[in-house]
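Peer 1: Just dropping this structure here.
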Amino acid sequence: MQLRRSLSFLALLLVTAAFLAAPAFGSAIVGRNVARPTLAIDRHGRAHVTYSIGGRRKVLVASGAINARAPSRSRPQVQFAIRYGVGGTGVCRPYDGPPLAWLLKACEAPDGSYWALQSWQRLKPNYGGAQGATELHLSHWRGAPAQLVIYQNWAERRYRHIFGRLTYRGRGVYGFTATRVGAPLDTYGRNIYVDTFDSRYGKGWHRENSFLTHHRGRTLGDFCYGFFPHSGHPSGQGTRYRATVEGPGVTPDVMWAADDAGPFDASVQSQMQALERSWGDPKCRT
C-alpha cells in the first residue's frame, strides 16, 4: 500500500506536467503541425530544413552541435545554433544508420555524421489523452543513439509496473533540477512519455503519463511507474505499451514498445524485483 500511495502521489504531481514542461533541450523542436518537411545537408555539414504552415513556406538552417555531453552541473548541454528565415541548398545522402522511431527523413553528412527529422506528439493530456501538437524534431549525431530499456512486472500482484533506464554511451541520462510537477529546469533532464494501447481509456493509443529519469542510486538515469487508478481515472493498463524520450543533447529521440506481460507470475516477479532493487534507487522498490 505504501508503494501505491507513493506512486499515486507522484502521478498526481505529474498530471499537468505535459502542459507545463520547460522548453525541450534535446533534439531541437523546429516546428509544430507542419506540412511537407524536407531535410538537406550542405557541403559545410549544416542542415537546411523547410516546411509549410498554413500554406506558407518556412526555412531554417541548423549547425554548431553534435551528440551529447554527459550530465554536468558546470557545463550546459550542447544545443544547435538555429537561424530561421535563412535558406540554402544541399543534398540528402543515403542514410545507413540505426533504425529510428517516428522517422520522417534522415541523411548522411559529408563527414559521415547523421542528421534526422522525427515527428511525434510529445505533449498530450495525461490519463487518456489521444491528441496533441505534432512536433518536428531535428537531431545530429554519430555513433549509436541513446538506449531506452524497460522491464515489466507487477505492483500489488495485479497492476502493471514498469521500470527502466535511459543511457547514452553507457552512462545514465538525467538532470539535476525540475519543477514539482516534473518539468526539467536544466538542459540535461529528460521525461519518459508513456502511451497505452486498447486500455480503459478507449481503443488505440492514449497517453498514460510522463515522468523524469532519476539521479539517485547506483545506476543513474533510471525510472519506475505503476499503472494504478489515479485521482478518479481508471488504471491505464492496456494490451501494449510504448515509451518515447528525447535523446540527450542533439541526439535522436528513441522509443521502446512491448506487449503487456500478462497475468502475475511469481518467478518473473522475483527476478524483476531483484533487478530493480539492485539499482539502489530509493524511489523504485516494488
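Letters for chains follow the order of the C-alpha cells (A, B, ...), residue numbers begin at 1 for each chain, and ligand numbers begin at 1 in the order shown.
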List as CSV every residue of stretch 175-284 of chain A that is in contact with stretch 83-99 of chain A, defined as an atom at most 12 Å from one of its atoms (using only C-alpha atoms), together with the nearest atom pair and the distance in Å rounded to one decimal, sorted by chain and then rising number.
Peer 2:
```
residue,atom,partner,partner_atom,distance
A:Pro252,CA,A:Pro98,CA,10.3
A:Asp253,CA,A:Pro99,CA,11.1
A:Val254,CA,A:Pro99,CA,9.7
A:Met255,CA,A:Pro99,CA,10.7
```
Peer 1: I need the chosen residues saved as a PDB file, in the first residue's frame, with C-alpha atoms.
Peer 2:
```pdb
ATOM      1  CA  PRO A 252      17.708  11.330 -31.905  1.00  0.00           C
ATOM      2  CA  ASP A 253      14.564  10.564 -29.944  1.00  0.00           C
ATOM      3  CA  VAL A 254      14.213   6.893 -29.006  1.00  0.00           C
ATOM      4  CA  MET A 255      11.231   4.649 -28.321  1.00  0.00           C
TER       5      MET A 255
END
```
Peer 1: List every residue of stretch 48-82 of chain A that has an atom at most 12 Å from any atom of stretch 157-169 of chain A, giving for each one its closest atom pair and the distance in Å to one decimal, counting only C-alpha atoms, sorted by chain and then by ascending residue number, as a Markdown table.
Peer 2:
```
| residue | atom | partner | partner_atom | distance |
| --- | --- | --- | --- | --- |
| A:Asn67 | CA | A:Tyr168 | CA | 9.7 |
| A:Ala68 | CA | A:Tyr168 | CA | 8.4 |
| A:Arg69 | CA | A:Tyr168 | CA | 9.3 |
| A:Ala70 | CA | A:Tyr168 | CA | 8.1 |
| A:Pro71 | CA | A:Tyr168 | CA | 10.4 |
```
Peer 1: Next, write the just-selected residues to a file, as a PDB file, in the first residue's frame, keeping C-alpha atoms as the atom set.
Peer 2:
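File produced: selection.pdb:
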```pdb
ATOM      1  CA  ASN A  67      25.896  14.213 -29.970  1.00  0.00           C
ATOM      2  CA  ALA A  68      25.605  14.990 -26.238  1.00  0.00           C
ATOM      3  CA  ARG A  69      27.611  15.701 -23.113  1.00  0.00           C
ATOM      4  CA  ALA A  70      27.354  13.562 -20.007  1.00  0.00           C
ATOM      5  CA  PRO A  71      25.312  15.261 -17.249  1.00  0.00           C
TER       6      PRO A  71
END
```
Peer 1: In Å, how far is it from atom CA of A:Ile29 to atom CA of A:His137?
Peer 2: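 Result for atom CA of A:Ile29 versus atom CA of A:His137: 4.5 Å, one decimal.
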Peer 1: For the atom pair atom CA of A:Ala146 and atom CA of A:Met272, what is the interatomic distance in Å to one decimal place?
Peer 2: 22.7 Å
Peer 1: Ranking A:Lys203, A:Thr239, A:Pro248, A:Asp195 by minimum distance to A:Gly175 and counting only C-alpha atoms, which one comes first?
Peer 2: A:Pro248
Peer 1: Could you give me the residues within stretch 58-254 of chain A that DSSP places in strand (DSSP E), as a PyMOL selection string?
Peer 2: chain A and resi 58-63+81-84+103-108+114-120+135-141+147-155+159-168+171-172+191-199+202-212+222-226+240-245+254
Peer 1: Which residues are close to A:Ala178, i.e. within 10 Å by only C-alpha atoms, leaving aside same-chain residues fewer than 2 positions away? Reply as a list of chain:residue names.
Peer 2: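 After dropping sequence-adjacent residues, the list is A:Ala21, A:Ala22, A:Gly175, A:Phe176, A:Arg180, A:Val181, A:Gly182, A:Ala183, A:Pro184, A:Leu185, A:Asp186, A:Gly189, A:Arg190, A:Leu212.
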Peer 1: Residues of the last selection are to be written out with N, CA and C atoms, as a PDB file, in the first residue's frame.
Peer 2:
```pdb
ATOM      1  N   ALA A  21       5.703  21.635 -19.215  1.00  0.00           N
ATOM      2  CA  ALA A  21       7.086  21.262 -19.452  1.00  0.00           C
ATOM      3  C   ALA A  21       7.898  22.457 -19.945  1.00  0.00           C
ATOM      4  N   ALA A  22       9.145  22.519 -19.486  1.00  0.00           N
ATOM      5  CA  ALA A  22      10.052  23.560 -19.937  1.00  0.00           C
ATOM      6  C   ALA A  22      10.426  23.300 -21.389  1.00  0.00           C
ATOM      7  N   GLY A 175      18.766  14.810 -15.309  1.00  0.00           N
ATOM      8  CA  GLY A 175      19.018  16.205 -14.987  1.00  0.00           C
ATOM      9  C   GLY A 175      19.169  16.399 -13.501  1.00  0.00           C
ATOM     10  N   PHE A 176      19.376  17.653 -13.100  1.00  0.00           N
ATOM     11  CA  PHE A 176      19.646  17.961 -11.704  1.00  0.00           C
ATOM     12  C   PHE A 176      18.521  18.742 -11.037  1.00  0.00           C
ATOM     13  N   ARG A 180       8.118  21.006  -9.420  1.00  0.00           N
ATOM     14  CA  ARG A 180       7.461  20.000  -8.594  1.00  0.00           C
ATOM     15  C   ARG A 180       6.564  19.070  -9.406  1.00  0.00           C
ATOM     16  N   VAL A 181       6.221  19.450 -10.650  1.00  0.00           N
ATOM     17  CA  VAL A 181       5.414  18.564 -11.489  1.00  0.00           C
ATOM     18  C   VAL A 181       6.271  17.837 -12.525  1.00  0.00           C
ATOM     19  N   GLY A 182       7.601  17.889 -12.362  1.00  0.00           N
ATOM     20  CA  GLY A 182       8.460  17.065 -13.195  1.00  0.00           C
ATOM     21  C   GLY A 182       8.935  17.668 -14.492  1.00  0.00           C
ATOM     22  N   ALA A 183       8.866  19.000 -14.641  1.00  0.00           N
ATOM     23  CA  ALA A 183       9.391  19.638 -15.847  1.00  0.00           C
ATOM     24  C   ALA A 183      10.860  19.970 -15.629  1.00  0.00           C
ATOM     25  N   PRO A 184      11.772  19.506 -16.493  1.00  0.00           N
ATOM     26  CA  PRO A 184      13.197  19.786 -16.298  1.00  0.00           C
ATOM     27  C   PRO A 184      13.487  21.286 -16.303  1.00  0.00           C
ATOM     28  N   LEU A 185      14.396  21.693 -15.425  1.00  0.00           N
ATOM     29  CA  LEU A 185      14.817  23.091 -15.352  1.00  0.00           C
ATOM     30  C   LEU A 185      16.267  23.271 -15.796  1.00  0.00           C
ATOM     31  N   ASP A 186      16.880  22.211 -16.282  1.00  0.00           N
ATOM     32  CA  ASP A 186      18.219  22.325 -16.839  1.00  0.00           C
ATOM     33  C   ASP A 186      18.233  21.657 -18.206  1.00  0.00           C
ATOM     34  N   GLY A 189      17.821  17.213 -18.062  1.00  0.00           N
ATOM     35  CA  GLY A 189      16.691  16.407 -17.640  1.00  0.00           C
ATOM     36  C   GLY A 189      15.889  15.856 -18.805  1.00  0.00           C
ATOM     37  N   ARG A 190      15.327  14.660 -18.597  1.00  0.00           N
ATOM     38  CA  ARG A 190      14.537  14.012 -19.646  1.00  0.00           C
ATOM     39  C   ARG A 190      13.270  13.403 -19.051  1.00  0.00           C
ATOM     40  N   LEU A 212      10.118  11.952 -14.985  1.00  0.00           N
ATOM     41  CA  LEU A 212      11.547  12.186 -15.124  1.00  0.00           C
ATOM     42  C   LEU A 212      12.384  10.933 -14.889  1.00  0.00           C
TER      43      LEU A 212
END
```
Peer 1: Taking into account only C-alpha atoms, which residue in the set A:Leu60, A:Trp102, A:His215, A:Leu39 is nearest to A:Ile82?
Peer 2: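 Among the listed residues, the smallest separation from A:Ile82 belongs to A:Leu60.
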Peer 1: Here is a test: counting only C-alpha atoms, which residue of A:His140, A:Arg207, A:Arg218, A:Arg36 is nearest to A:Asn126?
Peer 2: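 Using only C-alpha atoms, the shortest distance to A:Asn126 belongs to A:Arg207.
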Peer 1: Please measure the separation of atom CA of A:Thr38 and atom CA of A:Lys105, giving the value in Å to one decimal.
Peer 2: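 Distance between the two atoms: 7.4 Å.
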Peer 1: Pick out the residues sitting within 9 Å of A:Ala130, and hand them over as a VMD selection string; count only C-alpha atoms, and ignore anything fewer than 3 positions along from it in its own chain.
Peer 2: chain A and resid 124 to 125 204 to 207
Peer 1: If we count only C-alpha atoms, what is near A:Asp281 at a cut-off of 9 Å, once residues fewer than 6 positions away on the same chain are taken out, given as a PyMOL selection string?
Peer 2: chain A and resi 214-220+222-223
Peer 1: Leaving out A:Ala47 and any residue of its chain fewer than 5 positions from it, which residues lie within 7 Å of it when counting only C-alpha atoms, given as number ranges by chain?
Peer 2: A: 39-42, 61-63
